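Chemist: The structure file work_15.cif (mmCIF, C-alpha atoms) is provided below.
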data_data
#
loop_
_atom_site.group_PDB
_atom_site.id
_atom_site.type_symbol
_atom_site.label_atom_id
_atom_site.label_comp_id
_atom_site.auth_asym_id
_atom_site.auth_seq_id
_atom_site.Cartn_x
_atom_site.Cartn_y
_atom_site.Cartn_z
ATOM 1 C CA MET A 982 107.931 112.801 3.752
ATOM 2 C CA ARG A 983 105.273 114.055 6.121
ATOM 3 C CA ALA A 984 101.671 114.852 5.433
ATOM 4 C CA ALA A 985 99.158 116.492 7.752
ATOM 5 C CA VAL A 986 95.495 115.640 7.255
ATOM 6 C CA ILE A 987 93.058 118.127 8.780
ATOM 7 C CA VAL A 988 90.072 116.699 10.651
ATOM 8 C CA PHE A 989 86.938 118.835 11.022
ATOM 9 C CA PRO A 990 83.709 117.806 12.694
ATOM 10 C CA GLY A 991 81.960 116.170 9.750
ATOM 11 C CA SER A 992 85.057 115.171 7.776
ATOM 12 C CA ASN A 993 84.544 111.673 6.402
ATOM 13 C CA CYS A 994 87.390 111.137 3.930
ATOM 14 C CA ASP A 995 90.190 112.003 6.347
ATOM 15 C CA ARG A 996 91.206 108.404 6.999
ATOM 16 C CA ASP A 997 90.973 107.455 3.304
ATOM 17 C CA LEU A 998 93.252 110.375 2.483
ATOM 18 C CA ALA A 999 95.690 109.354 5.234
ATOM 19 C CA VAL A 1000 95.855 105.808 3.829
ATOM 20 C CA ALA A 1001 96.487 107.120 0.308
ATOM 21 C CA PHE A 1002 99.347 109.275 1.617
ATOM 22 C CA GLU A 1003 100.753 106.364 3.640
ATOM 23 C CA GLN A 1004 100.662 104.021 0.671
ATOM 24 C CA ALA A 1005 102.691 106.584 -1.260
ATOM 25 C CA GLY A 1006 105.336 106.608 1.465
ATOM 26 C CA PHE A 1007 104.278 109.525 3.659
ATOM 27 C CA SER A 1008 104.058 109.487 7.406
ATOM 28 C CA VAL A 1009 100.778 111.136 8.332
ATOM 29 C CA ASP A 1010 99.691 113.330 11.239
ATOM 30 C CA MET A 1011 95.978 113.818 11.774
ATOM 31 C CA VAL A 1012 95.457 117.425 12.865
ATOM 32 C CA TRP A 1013 92.345 118.556 14.727
ATOM 33 C CA HIS A 1014 90.561 121.686 13.516
ATOM 34 C CA LYS A 1015 90.980 123.421 16.872
ATOM 35 C CA ASP A 1016 94.759 123.160 16.742
ATOM 36 C CA HIS A 1017 96.474 126.462 16.036
ATOM 37 C CA SER A 1018 99.526 125.135 14.266
ATOM 38 C CA LEU A 1019 100.649 122.376 11.939
ATOM 39 C CA PRO A 1020 103.252 119.852 13.101
ATOM 40 C CA SER A 1021 106.697 121.128 12.201
ATOM 41 C CA GLY A 1022 108.298 119.687 9.086
ATOM 42 C CA VAL A 1023 105.049 119.019 7.269
ATOM 43 C CA ASP A 1024 105.606 118.681 3.518
ATOM 44 C CA ILE A 1025 101.971 118.774 2.485
ATOM 45 C CA VAL A 1026 98.597 119.482 4.050
ATOM 46 C CA GLY A 1027 95.577 117.450 3.002
ATOM 47 C CA VAL A 1028 92.148 119.000 3.478
ATOM 48 C CA PRO A 1029 89.774 116.056 3.182
ATOM 49 C CA GLY A 1030 86.274 115.536 1.892
ATOM 50 C CA GLY A 1031 83.183 115.356 4.042
ATOM 51 C CA PHE A 1032 80.618 117.746 5.418
ATOM 52 C CA SER A 1033 82.584 120.005 7.725
ATOM 53 C CA TYR A 1034 80.270 121.752 10.187
ATOM 54 C CA GLY A 1035 77.296 120.142 8.479
ATOM 55 C CA ASP A 1036 77.768 122.366 5.412
ATOM 56 C CA TYR A 1037 76.024 125.094 7.432
ATOM 57 C CA LEU A 1038 75.929 128.577 5.884
ATOM 58 C CA ARG A 1039 77.931 127.460 2.810
ATOM 59 C CA CYS A 1040 80.014 124.337 2.234
ATOM 60 C CA GLY A 1041 83.421 124.937 3.792
ATOM 61 C CA ALA A 1042 82.625 128.454 5.034
ATOM 62 C CA ILE A 1043 82.838 127.766 8.746
ATOM 63 C CA ALA A 1044 85.767 125.361 8.419
ATOM 64 C CA ALA A 1045 87.657 128.090 6.582
ATOM 65 C CA GLN A 1046 87.456 130.233 9.736
ATOM 66 C CA SER A 1047 88.698 127.491 12.090
ATOM 67 C CA PRO A 1048 91.995 127.973 13.944
ATOM 68 C CA ILE A 1049 93.854 125.354 11.908
ATOM 69 C CA CYS A 1050 92.851 126.964 8.632
ATOM 70 C CA LYS A 1051 94.734 130.091 9.617
ATOM 71 C CA ALA A 1052 97.817 127.872 9.933
ATOM 72 C CA VAL A 1053 97.034 126.249 6.568
ATOM 73 C CA VAL A 1054 96.801 129.679 4.918
ATOM 74 C CA GLU A 1055 100.158 130.651 6.437
ATOM 75 C CA HIS A 1056 101.644 127.343 5.270
ATOM 76 C CA THR A 1057 100.553 128.002 1.680
ATOM 77 C CA GLU A 1058 101.705 131.626 1.874
ATOM 78 C CA ARG A 1059 105.161 130.319 2.787
ATOM 79 C CA GLY A 1060 105.040 128.246 -0.402
ATOM 80 C CA GLY A 1061 103.904 125.033 1.272
ATOM 81 C CA TYR A 1062 102.027 122.336 -0.605
ATOM 82 C CA ALA A 1063 98.374 121.512 0.009
ATOM 83 C CA ILE A 1064 95.651 119.445 -1.577
ATOM 84 C CA GLY A 1065 91.951 119.981 -0.957
ATOM 85 C CA ILE A 1066 89.580 117.274 -2.111
ATOM 86 C CA CYS A 1067 85.820 117.743 -2.426
ATOM 87 C CA ASN A 1068 84.832 119.557 0.791
ATOM 88 C CA GLY A 1069 88.539 120.325 1.112
ATOM 89 C CA PHE A 1070 88.395 122.143 -2.257
ATOM 90 C CA GLN A 1071 85.385 124.097 -0.990
ATOM 91 C CA VAL A 1072 87.339 125.004 2.162
ATOM 92 C CA LEU A 1073 90.345 126.178 0.127
ATOM 93 C CA THR A 1074 88.164 128.445 -2.027
ATOM 94 C CA GLU A 1075 86.461 129.840 1.087
ATOM 95 C CA THR A 1076 89.860 130.692 2.603
ATOM 96 C CA GLY A 1077 90.812 132.469 -0.613
ATOM 97 C CA ILE A 1078 93.816 130.177 -1.158
ATOM 98 C CA LEU A 1079 92.197 129.107 -4.445
ATOM 99 C CA PRO A 1080 89.992 131.318 -6.628
ATOM 100 C CA GLY A 1081 86.324 130.793 -7.419
ATOM 101 C CA ALA A 1082 83.574 128.999 -5.543
ATOM 102 C CA LEU A 1083 81.609 125.761 -5.659
ATOM 103 C CA LEU A 1084 77.884 126.146 -6.277
ATOM 104 C CA ARG A 1085 75.016 123.683 -5.977
ATOM 105 C CA ASN A 1086 75.137 121.098 -8.805
ATOM 106 C CA ALA A 1087 73.227 122.398 -11.824
ATOM 107 C CA GLY A 1088 70.941 119.342 -11.747
ATOM 108 C CA LEU A 1089 70.360 119.838 -7.996
ATOM 109 C CA LYS A 1090 71.163 116.199 -7.263
ATOM 110 C CA TYR A 1091 73.881 114.776 -5.083
ATOM 111 C CA ILE A 1092 76.008 112.718 -7.496
ATOM 112 C CA CYS A 1093 78.095 109.733 -6.460
ATOM 113 C CA LYS A 1094 79.769 107.901 -9.340
ATOM 114 C CA THR A 1095 83.049 107.416 -11.130
ATOM 115 C CA VAL A 1096 83.597 110.029 -13.823
ATOM 116 C CA GLY A 1097 86.130 110.569 -16.567
ATOM 117 C CA LEU A 1098 88.716 113.253 -15.877
ATOM 118 C CA LYS A 1099 91.024 114.706 -18.473
ATOM 119 C CA VAL A 1100 94.441 115.649 -17.172
ATOM 120 C CA GLU A 1101 94.887 119.192 -18.500
ATOM 121 C CA THR A 1102 98.457 119.729 -17.358
ATOM 122 C CA SER A 1103 101.250 117.516 -16.132
ATOM 123 C CA ASP A 1104 103.134 120.590 -14.939
ATOM 124 C CA SER A 1105 102.635 120.258 -11.186
ATOM 125 C CA ALA A 1106 103.821 118.022 -8.374
ATOM 126 C CA PHE A 1107 100.299 116.566 -8.288
ATOM 127 C CA THR A 1108 99.851 115.790 -11.962
ATOM 128 C CA GLN A 1109 103.377 115.000 -13.143
ATOM 129 C CA GLY A 1110 102.613 111.275 -12.866
ATOM 130 C CA TYR A 1111 100.143 111.644 -15.734
ATOM 131 C CA ASN A 1112 100.473 112.895 -19.272
ATOM 132 C CA ALA A 1113 98.478 115.917 -20.338
ATOM 133 C CA GLY A 1114 95.499 114.564 -22.239
ATOM 134 C CA ASP A 1115 95.263 111.332 -20.234
ATOM 135 C CA VAL A 1116 91.735 110.371 -19.252
ATOM 136 C CA ILE A 1117 91.425 108.767 -15.830
ATOM 137 C CA GLY A 1118 88.471 107.406 -13.865
ATOM 138 C CA ILE A 1119 87.980 108.992 -10.429
ATOM 139 C CA PRO A 1120 84.852 108.979 -8.239
ATOM 140 C CA ILE A 1121 82.904 112.100 -7.401
ATOM 141 C CA ALA A 1122 80.519 112.364 -4.446
ATOM 142 C CA HIS A 1123 79.117 115.844 -4.037
ATOM 143 C CA HIS A 1124 76.087 118.087 -4.039
ATOM 144 C CA ASP A 1125 77.957 121.361 -4.451
ATOM 145 C CA GLY A 1126 80.679 120.798 -7.015
ATOM 146 C CA ASN A 1127 79.618 123.254 -9.679
ATOM 147 C CA TYR A 1128 82.773 125.321 -10.121
ATOM 148 C CA PHE A 1129 82.164 129.004 -10.659
ATOM 149 C CA ALA A 1130 84.625 131.792 -11.311
ATOM 150 C CA ASP A 1131 84.189 135.048 -13.190
ATOM 151 C CA ASP A 1132 85.405 135.405 -16.764
ATOM 152 C CA ALA A 1133 88.639 137.163 -15.806
ATOM 153 C CA THR A 1134 89.531 134.416 -13.319
ATOM 154 C CA LEU A 1135 88.745 131.683 -15.830
ATOM 155 C CA SER A 1136 90.907 133.224 -18.497
ATOM 156 C CA ALA A 1137 93.752 133.662 -15.986
ATOM 157 C CA LEU A 1138 93.436 129.988 -15.024
ATOM 158 C CA ARG A 1139 93.591 129.018 -18.684
ATOM 159 C CA ASP A 1140 96.427 131.375 -19.591
ATOM 160 C CA GLU A 1141 98.533 130.251 -16.632
ATOM 161 C CA ASP A 1142 97.871 126.540 -17.309
ATOM 162 C CA ARG A 1143 96.313 126.193 -13.856
ATOM 163 C CA ILE A 1144 93.376 123.974 -14.786
ATOM 164 C CA ALA A 1145 94.532 120.570 -13.529
ATOM 165 C CA PHE A 1146 91.565 118.387 -14.449
ATOM 166 C CA THR A 1147 88.381 118.754 -16.471
ATOM 167 C CA TYR A 1148 85.363 116.454 -16.672
ATOM 168 C CA THR A 1149 85.000 114.530 -19.926
ATOM 169 C CA ASP A 1150 81.216 114.621 -19.393
ATOM 170 C CA ASN A 1151 80.363 117.575 -17.143
ATOM 171 C CA PRO A 1152 78.202 116.173 -14.326
ATOM 172 C CA ASN A 1153 77.509 119.322 -12.298
ATOM 173 C CA GLY A 1154 77.513 122.426 -14.487
ATOM 174 C CA SER A 1155 81.064 123.538 -13.669
ATOM 175 C CA ARG A 1156 82.253 126.394 -15.865
ATOM 176 C CA ASP A 1157 84.661 125.175 -18.546
ATOM 177 C CA ASP A 1158 84.110 121.598 -17.226
ATOM 178 C CA ILE A 1159 86.580 122.379 -14.439
ATOM 179 C CA ALA A 1160 87.134 119.593 -11.895
ATOM 180 C CA GLY A 1161 90.381 120.791 -10.315
ATOM 181 C CA ILE A 1162 92.615 123.862 -10.292
ATOM 182 C CA LEU A 1163 96.091 124.847 -9.162
ATOM 183 C CA SER A 1164 97.225 127.858 -7.178
ATOM 184 C CA HIS A 1165 99.345 130.569 -8.727
ATOM 185 C CA ASN A 1166 102.571 128.832 -7.593
ATOM 186 C CA ARG A 1167 101.168 125.397 -8.625
ATOM 187 C CA ARG A 1168 101.688 124.063 -5.083
ATOM 188 C CA VAL A 1169 98.041 123.913 -4.052
ATOM 189 C CA LEU A 1170 95.545 121.685 -5.830
ATOM 190 C CA GLY A 1171 91.812 121.768 -5.248
ATOM 191 C CA MET A 1172 89.618 119.156 -6.908
ATOM 192 C CA MET A 1173 86.090 117.862 -6.433
ATOM 193 C CA PRO A 1174 86.778 114.219 -7.489
ATOM 194 C CA HIS A 1175 88.305 111.859 -4.933
ATOM 195 C CA PRO A 1176 91.691 110.424 -6.013
ATOM 196 C CA GLU A 1177 92.010 108.802 -2.563
ATOM 197 C CA ARG A 1178 88.986 106.680 -3.455
ATOM 198 C CA ALA A 1179 90.799 105.313 -6.509
ATOM 199 C CA ALA A 1180 94.068 104.401 -4.849
ATOM 200 C CA ASP A 1181 93.708 100.707 -4.028
ATOM 201 C CA GLU A 1182 92.694 97.616 -6.008
ATOM 202 C CA GLY A 1183 89.855 97.186 -3.536
ATOM 203 C CA HIS A 1184 88.385 100.517 -4.640
ATOM 204 C CA GLY A 1185 87.731 99.165 -8.111
ATOM 205 C CA GLY A 1186 90.266 101.512 -9.682
ATOM 206 C CA THR A 1187 93.744 102.862 -9.021
ATOM 207 C CA ASP A 1188 93.890 105.884 -11.314
ATOM 208 C CA GLY A 1189 94.375 108.150 -8.290
ATOM 209 C CA THR A 1190 97.534 106.390 -7.134
ATOM 210 C CA ALA A 1191 99.791 108.258 -9.546
ATOM 211 C CA LEU A 1192 98.834 111.568 -7.944
ATOM 212 C CA PHE A 1193 100.032 110.519 -4.484
ATOM 213 C CA ARG A 1194 103.097 108.670 -5.788
ATOM 214 C CA ALA A 1195 104.159 111.683 -7.820
ATOM 215 C CA LEU A 1196 103.999 113.854 -4.720
ATOM 216 C CA SER A 1197 106.352 111.738 -2.674
ATOM 217 C CA GLY A 1198 109.933 112.646 -3.315
ATOM 218 C CA VAL A 1199 109.417 116.080 -4.848
ATOM 219 C CA LEU A 1200 108.163 118.097 -1.914
ATOM 220 C CA THR A 1201 110.098 120.387 0.359
ATOM 221 C CA PRO A 1202 108.795 121.482 3.757
ATOM 222 C CA ALA A 1203 107.665 125.105 4.080
ATOM 223 C CA MET B 1254 70.021 146.247 18.331
ATOM 224 C CA LYS B 1255 69.209 143.795 15.606
ATOM 225 C CA ALA B 1256 70.413 143.511 12.060
ATOM 226 C CA ARG B 1257 68.950 141.546 9.214
ATOM 227 C CA VAL B 1258 71.343 140.453 6.483
ATOM 228 C CA HIS B 1259 70.000 139.496 3.070
ATOM 229 C CA VAL B 1260 72.367 137.303 1.054
ATOM 230 C CA MET B 1261 71.627 136.730 -2.636
ATOM 231 C CA LEU B 1262 73.585 135.134 -5.458
ATOM 232 C CA LYS B 1263 74.996 137.800 -7.750
ATOM 233 C CA ASN B 1264 73.320 138.395 -11.064
ATOM 234 C CA GLY B 1265 74.776 136.044 -13.645
ATOM 235 C CA VAL B 1266 75.527 133.299 -11.118
ATOM 236 C CA LEU B 1267 73.405 130.252 -11.870
ATOM 237 C CA ASP B 1268 70.808 129.569 -9.179
ATOM 238 C CA PRO B 1269 69.612 126.013 -9.824
ATOM 239 C CA GLN B 1270 67.422 126.031 -6.708
ATOM 240 C CA GLY B 1271 65.641 129.187 -7.775
ATOM 241 C CA GLU B 1272 65.243 127.683 -11.232
ATOM 242 C CA ALA B 1273 63.663 124.541 -9.732
ATOM 243 C CA VAL B 1274 61.219 126.690 -7.774
ATOM 244 C CA ARG B 1275 60.349 128.588 -10.962
ATOM 245 C CA HIS B 1276 59.666 125.276 -12.745
ATOM 246 C CA ALA B 1277 57.455 124.109 -9.886
ATOM 247 C CA LEU B 1278 55.476 127.348 -9.879
ATOM 248 C CA GLY B 1279 55.028 127.061 -13.641
ATOM 249 C CA ALA B 1280 53.825 123.478 -13.305
ATOM 250 C CA MET B 1281 51.288 124.674 -10.730
ATOM 251 C CA GLY B 1282 49.850 127.086 -13.254
ATOM 252 C CA PHE B 1283 51.554 130.281 -12.080
ATOM 253 C CA ASP B 1284 52.494 131.313 -15.598
ATOM 254 C CA GLN B 1285 53.203 134.864 -14.501
ATOM 255 C CA VAL B 1286 56.556 133.928 -12.905
ATOM 256 C CA HIS B 1287 59.491 134.572 -15.234
ATOM 257 C CA GLY B 1288 62.322 134.068 -12.802
ATOM 258 C CA VAL B 1289 63.082 133.047 -9.231
ATOM 259 C CA ARG B 1290 66.224 133.766 -7.242
ATOM 260 C CA GLN B 1291 66.591 132.166 -3.846
ATOM 261 C CA GLY B 1292 68.670 133.655 -1.054
ATOM 262 C CA LYS B 1293 69.169 133.697 2.676
ATOM 263 C CA VAL B 1294 68.041 135.953 5.466
ATOM 264 C CA ILE B 1295 70.224 136.024 8.578
ATOM 265 C CA ASP B 1296 69.019 137.824 11.705
ATOM 266 C CA LEU B 1297 71.677 139.008 14.123
ATOM 267 C CA GLU B 1298 71.023 140.053 17.697
ATOM 268 C CA LEU B 1299 73.750 142.498 18.539
ATOM 269 C CA ALA B 1300 75.194 143.947 21.711
ATOM 270 C CA ASP B 1301 74.721 147.642 22.400
ATOM 271 C CA GLY B 1302 77.308 149.685 20.597
ATOM 272 C CA ALA B 1303 77.612 147.358 17.618
ATOM 273 C CA THR B 1304 77.690 149.259 14.363
ATOM 274 C CA GLU B 1305 76.733 148.665 10.784
ATOM 275 C CA ALA B 1306 80.458 148.634 10.025
ATOM 276 C CA ASP B 1307 80.810 145.616 12.336
ATOM 277 C CA VAL B 1308 78.060 143.821 10.448
ATOM 278 C CA THR B 1309 79.716 144.684 7.141
ATOM 279 C CA LYS B 1310 82.893 143.019 8.380
ATOM 280 C CA MET B 1311 80.904 139.926 9.375
ATOM 281 C CA CYS B 1312 79.385 139.802 5.906
ATOM 282 C CA GLU B 1313 82.719 140.189 4.160
ATOM 283 C CA LYS B 1314 84.472 137.602 6.315
ATOM 284 C CA LEU B 1315 81.819 134.937 6.800
ATOM 285 C CA LEU B 1316 78.147 135.581 6.130
ATOM 286 C CA ALA B 1317 78.511 136.079 2.380
ATOM 287 C CA ASN B 1318 80.994 134.732 -0.138
ATOM 288 C CA THR B 1319 81.521 137.818 -2.236
ATOM 289 C CA VAL B 1320 82.857 135.741 -5.119
ATOM 290 C CA ILE B 1321 79.304 134.589 -5.792
ATOM 291 C CA GLU B 1322 77.032 136.503 -3.418
ATOM 292 C CA ARG B 1323 75.983 140.071 -2.641
ATOM 293 C CA TYR B 1324 74.520 141.187 0.650
ATOM 294 C CA GLU B 1325 72.378 143.938 2.077
ATOM 295 C CA ILE B 1326 72.268 144.960 5.718
ATOM 296 C CA GLU B 1327 69.096 146.193 7.321
ATOM 297 C CA LEU B 1328 69.196 147.550 10.868
ATOM 298 C CA ILE B 1329 65.980 146.699 12.667
#
Can you give me the file's structure in the form of C-alpha cells?
Modeler:
Amino acid sequence: MRAAVIVFPGSNCDRDLAVAFEQAGFSVDMVWHKDHSLPSGVDIVGVPGGFSYGDYLRCGAIAAQSPICKAVVEHTERGGYAIGICNGFQVLTETGILPGALLRNAGLKYICKTVGLKVETSDSAFTQGYNAGDVIGIPIAHHDGNYFADDATLSALRDEDRIAFTYTDNPNGSRDDIAGILSHNRRVLGMMPHPERAADEGHGGTDGTALFRALSGVLTPA
Amino acid sequence: MKARVHVMLKNGVLDPQGEAVRHALGAMGFDQVHGVRQGKVIDLELADGATEADVTKMCEKLLANTVIERYEIELI
C-alpha cells in the first residue's frame, strides 16, 4: 500500500500524516508541490494540514492552483482515493474536488483543542473502522473551519449519506455541525479535525488510528 | 491598464469579521450602523492588450471563490 503526502510551503502536518500512514502499513512518498505528477502506483493521496502559502488570498486557494494539485485532481477523477485534513480539506474544496468552502470560525478565534466527533456513516473506506453513531475524540486546530455550503449542496450531502463526521458541540459555526464530508464516489474525505494527531499513545488519544487502519487493505491504485 | 477587483462574501454567507467590526462600532457609540460586510480589494497592473474577459477568468479561477464570494471588476 502506497500513500503520497503532498508538501506545500507552509505545510506543518505532513510528517505527522506520513507517520500515521506508515503505522497503518503504508509506504509513504513525500511529494513536493512543484512536482507535476504523483508517483506511479499511489493508492491514496494525503493533503496535510498547515498554512500553505501563508493562507494568502484564501486558505488553500493558491495551493489548489499548484502543479501537483492538477495531478491530484486527475487522480481523484480516475477514481483514486484522497484525504484532505484541515488545510488539506480547504485545498480540496478550492480545487472543486469537494463541495462547499471553509469560512472564518464564527467566534473569530483560532481554536486548538480535542473535540467530540460523531461518526455519521461507516460506509466509506475511511470510516468503516467505526460504527455510525460512535463518538470519538479528535483534535482540531484551525481558524477557518466553518463549513459552508448552500442549501441544495447540504441536502445532497445528507441524502447521499456523504457527511462523514459532525461535531458533538459545534466549535466554529459549521452548517449542520459538519466536520468532514465525502466525495460523490466516497473515495475522497475532507475533514477539519486531525486524525493523525490522535494516532499514537503519545498523542493522548488514539481514536484516529481506526481511520488509517481501515484504509490499508481496501484501496486500489488509480 | 489597471483593474480593480472587489471581492465580497455573498449575501447570506456569515461574515464574522464584519460582525465584529459592527460590534466595535456600536461599542464606540456609532449606533447608526446596522450591518458591516468586509471584503477585499485587489489591484491588478495589466499588460497592454489585456481585457476585462481576462480579468473575469482570473476572478473565476483564483481571485474569488464563487461558492462563497461575488466579485466586481472595475477598469481604472
Chemist: Restrict the distance test to all atoms listed in the file, flag each residue of chain B within 7 Å of chain A, and return the flagged residues as a ChimeraX atom specification.
Modeler: /B:1269-1270,1315,1320
Chemist: Residue by residue, what does the PyMOL selection byres ((chain B and resi 1260) around 12) grab here? Present the result as a compact mmCIF listing (two decimals) with C-alpha atoms, keeping the file's coordinate frame.
Modeler:
# COMPACT_ATOMS: atom_id res chain seq x y z
CA LEU A 1038 75.93 128.58 5.88
CA ARG A 1039 77.93 127.46 2.81
CA ARG B 1257 68.95 141.55 9.21
CA VAL B 1258 71.34 140.45 6.48
CA HIS B 1259 70.00 139.50 3.07
CA MET B 1261 71.63 136.73 -2.64
CA LEU B 1262 73.58 135.13 -5.46
CA LYS B 1263 75.00 137.80 -7.75
CA ARG B 1290 66.22 133.77 -7.24
CA GLN B 1291 66.59 132.17 -3.85
CA GLY B 1292 68.67 133.66 -1.05
CA LYS B 1293 69.17 133.70 2.68
CA VAL B 1294 68.04 135.95 5.47
CA ILE B 1295 70.22 136.02 8.58
CA ASP B 1296 69.02 137.82 11.70
CA CYS B 1312 79.39 139.80 5.91
CA GLU B 1313 82.72 140.19 4.16
CA LEU B 1315 81.82 134.94 6.80
CA LEU B 1316 78.15 135.58 6.13
CA ALA B 1317 78.51 136.08 2.38
CA ASN B 1318 80.99 134.73 -0.14
CA THR B 1319 81.52 137.82 -2.24
CA ILE B 1321 79.30 134.59 -5.79
CA GLU B 1322 77.03 136.50 -3.42
CA ARG B 1323 75.98 140.07 -2.64
CA TYR B 1324 74.52 141.19 0.65
CA GLU B 1325 72.38 143.94 2.08
CA ILE B 1326 72.27 144.96 5.72
CA GLU B 1327 69.10 146.19 7.32
Chemist: Within 6 Å of (82.8, 124.3, -0.9) (coordinates as in the file), grab all the protein and nucleic acid residues, counting only C-alpha atoms, and write them out as a ChimeraX atom specification.
Modeler: /A:1040-1041,1068,1071-1072,1083
Chemist: Write a file of the selected residues as a PDB file, keeping the file's coordinate frame, keeping C-alpha atoms.
Modeler:
ATOM      1  CA  CYS A1040      80.014 124.337   2.234  1.00  0.00           C
ATOM      2  CA  GLY A1041      83.421 124.937   3.792  1.00  0.00           C
ATOM      3  CA  ASN A1068      84.832 119.557   0.791  1.00  0.00           C
ATOM      4  CA  GLN A1071      85.385 124.097  -0.990  1.00  0.00           C
ATOM      5  CA  VAL A1072      87.339 125.004   2.162  1.00  0.00           C
ATOM      6  CA  LEU A1083      81.609 125.761  -5.659  1.00  0.00           C
TER       7      LEU A1083
END
Chemist: Take the PyMOL selection byres ((chain A and resi 998) around 12), run it mentally on this structure, and tell me the resulting residues as a PyMOL selection string.
Modeler: chain A and resi 984-988+992-997+999-1005+1007-1011+1026-1031+1064-1067+1069+1175-1181+1189-1190+1192-1193
Chemist: Under the rule that only C-alpha atoms are counted, which of B:Leu1297, B:Gly1279, B:Asp1268, B:Gly1288 is the nearest residue to Met1311 in chain B?
Modeler: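 Ranking B:Leu1297, B:Gly1279, B:Asp1268, B:Gly1288 by distance to Met1311 in chain B, first place goes to B:Leu1297.
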Chemist: Using only C-alpha atoms, which protein or nucleic acid residues come within 10 Å of Asp1024 in chain A? Drop anything in the same chain fewer than 2 positions from it, and give the result as a PDB file with C-alpha atoms, keeping the file's coordinate frame.
Modeler:
ATOM      1  CA  MET A 982     107.931 112.801   3.752  1.00  0.00           C
ATOM      2  CA  ARG A 983     105.273 114.055   6.121  1.00  0.00           C
ATOM      3  CA  ALA A 984     101.671 114.852   5.433  1.00  0.00           C
ATOM      4  CA  ALA A 985      99.158 116.492   7.752  1.00  0.00           C
ATOM      5  CA  PHE A1007     104.278 109.525   3.659  1.00  0.00           C
ATOM      6  CA  PRO A1020     103.252 119.852  13.101  1.00  0.00           C
ATOM      7  CA  SER A1021     106.697 121.128  12.201  1.00  0.00           C
ATOM      8  CA  GLY A1022     108.298 119.687   9.086  1.00  0.00           C
ATOM      9  CA  VAL A1026      98.597 119.482   4.050  1.00  0.00           C
ATOM     10  CA  HIS A1056     101.644 127.343   5.270  1.00  0.00           C
ATOM     11  CA  GLY A1061     103.904 125.033   1.272  1.00  0.00           C
ATOM     12  CA  TYR A1062     102.027 122.336  -0.605  1.00  0.00           C
ATOM     13  CA  ALA A1063      98.374 121.512   0.009  1.00  0.00           C
ATOM     14  CA  LEU A1196     103.999 113.854  -4.720  1.00  0.00           C
ATOM     15  CA  SER A1197     106.352 111.738  -2.674  1.00  0.00           C
ATOM     16  CA  VAL A1199     109.417 116.080  -4.848  1.00  0.00           C
ATOM     17  CA  LEU A1200     108.163 118.097  -1.914  1.00  0.00           C
ATOM     18  CA  THR A1201     110.098 120.387   0.359  1.00  0.00           C
ATOM     19  CA  PRO A1202     108.795 121.482   3.757  1.00  0.00           C
ATOM     20  CA  ALA A1203     107.665 125.105   4.080  1.00  0.00           C
TER      21      ALA A1203
END
Chemist: Quote the spacing between CA of His1123 in chain A and CA of Gly1185 in chain A in Å to one decimal place.
Modeler: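 Going from CA of His1123 in chain A over to CA of Gly1185 in chain A covers 19.2 Å.
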Chemist: For the PyMOL selection byres ((chain A and resi 1164) around 9), applied here, can you spell out every residue it catches as a PyMOL selection string?
Modeler: chain A and resi 1078-1080+1138+1143+1162-1163+1165-1171
Chemist: I'd like the contact shell of range 1108-1117 of chain A - 10 Å cut-off, all atoms listed in the file, skipping same-chain residues fewer than 6 positions apart - returned as a tab-separated table (two decimals) with C-alpha atoms, in the coordinates of the input.
Modeler:
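To be explicit, this is the file written out as part38.tsv:
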chain	number	residue	atom	x	y	z
A	1095	THR	CA	83.05	107.42	-11.13
A	1096	VAL	CA	83.60	110.03	-13.82
A	1097	GLY	CA	86.13	110.57	-16.57
A	1098	LEU	CA	88.72	113.25	-15.88
A	1099	LYS	CA	91.02	114.71	-18.47
A	1100	VAL	CA	94.44	115.65	-17.17
A	1101	GLU	CA	94.89	119.19	-18.50
A	1102	THR	CA	98.46	119.73	-17.36
A	1145	ALA	CA	94.53	120.57	-13.53
A	1146	PHE	CA	91.56	118.39	-14.45
A	1147	THR	CA	88.38	118.75	-16.47
A	1148	TYR	CA	85.36	116.45	-16.67
A	1149	THR	CA	85.00	114.53	-19.93
A	1170	LEU	CA	95.54	121.68	-5.83
A	1176	PRO	CA	91.69	110.42	-6.01
A	1179	ALA	CA	90.80	105.31	-6.51
A	1186	GLY	CA	90.27	101.51	-9.68
A	1187	THR	CA	93.74	102.86	-9.02
A	1188	ASP	CA	93.89	105.88	-11.31
A	1189	GLY	CA	94.38	108.15	-8.29
A	1190	THR	CA	97.53	106.39	-7.13
A	1191	ALA	CA	99.79	108.26	-9.55
A	1192	LEU	CA	98.83	111.57	-7.94
A	1193	PHE	CA	100.03	110.52	-4.48
A	1194	ARG	CA	103.10	108.67	-5.79
A	1195	ALA	CA	104.16	111.68	-7.82
A	1196	LEU	CA	104.00	113.85	-4.72
Chemist: Grab the CA of Ala1256 in chain B to CA of Tyr1037 in chain A distance for me, in Å with one decimal place.
Modeler: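 Atom-to-atom, CA of Ala1256 in chain B and CA of Tyr1037 in chain A are spaced 19.8 Å apart.
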Chemist: Select, from A:Pro990, A:Lys1051, A:Asp1158, A:His1184, the residue with the minimum atom-to-atom distance to Ser1033 in chain A, counting all atoms listed in the file.
Modeler: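 The closest residue to Ser1033 in chain A is A:Pro990.
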Chemist: Report the distance between CA of Arg1156 in chain A and CA of Leu1135 in chain A in Å, rounded to one decimal place.
Modeler: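 CA of Leu1135 in chain A lies at a distance of 8.4 Å from CA of Arg1156 in chain A.
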Chemist: With 8 Å added on each side, what axis-aligned box encloses every listed atom of range 1153-1164 of chain A? Give the centre and edge lengths in Å to one decimal, as JSON.
Modeler:
{"center_x": 87.4, "center_y": 123.6, "center_z": -12.9, "size_x": 35.7, "size_y": 24.5, "size_z": 27.4}
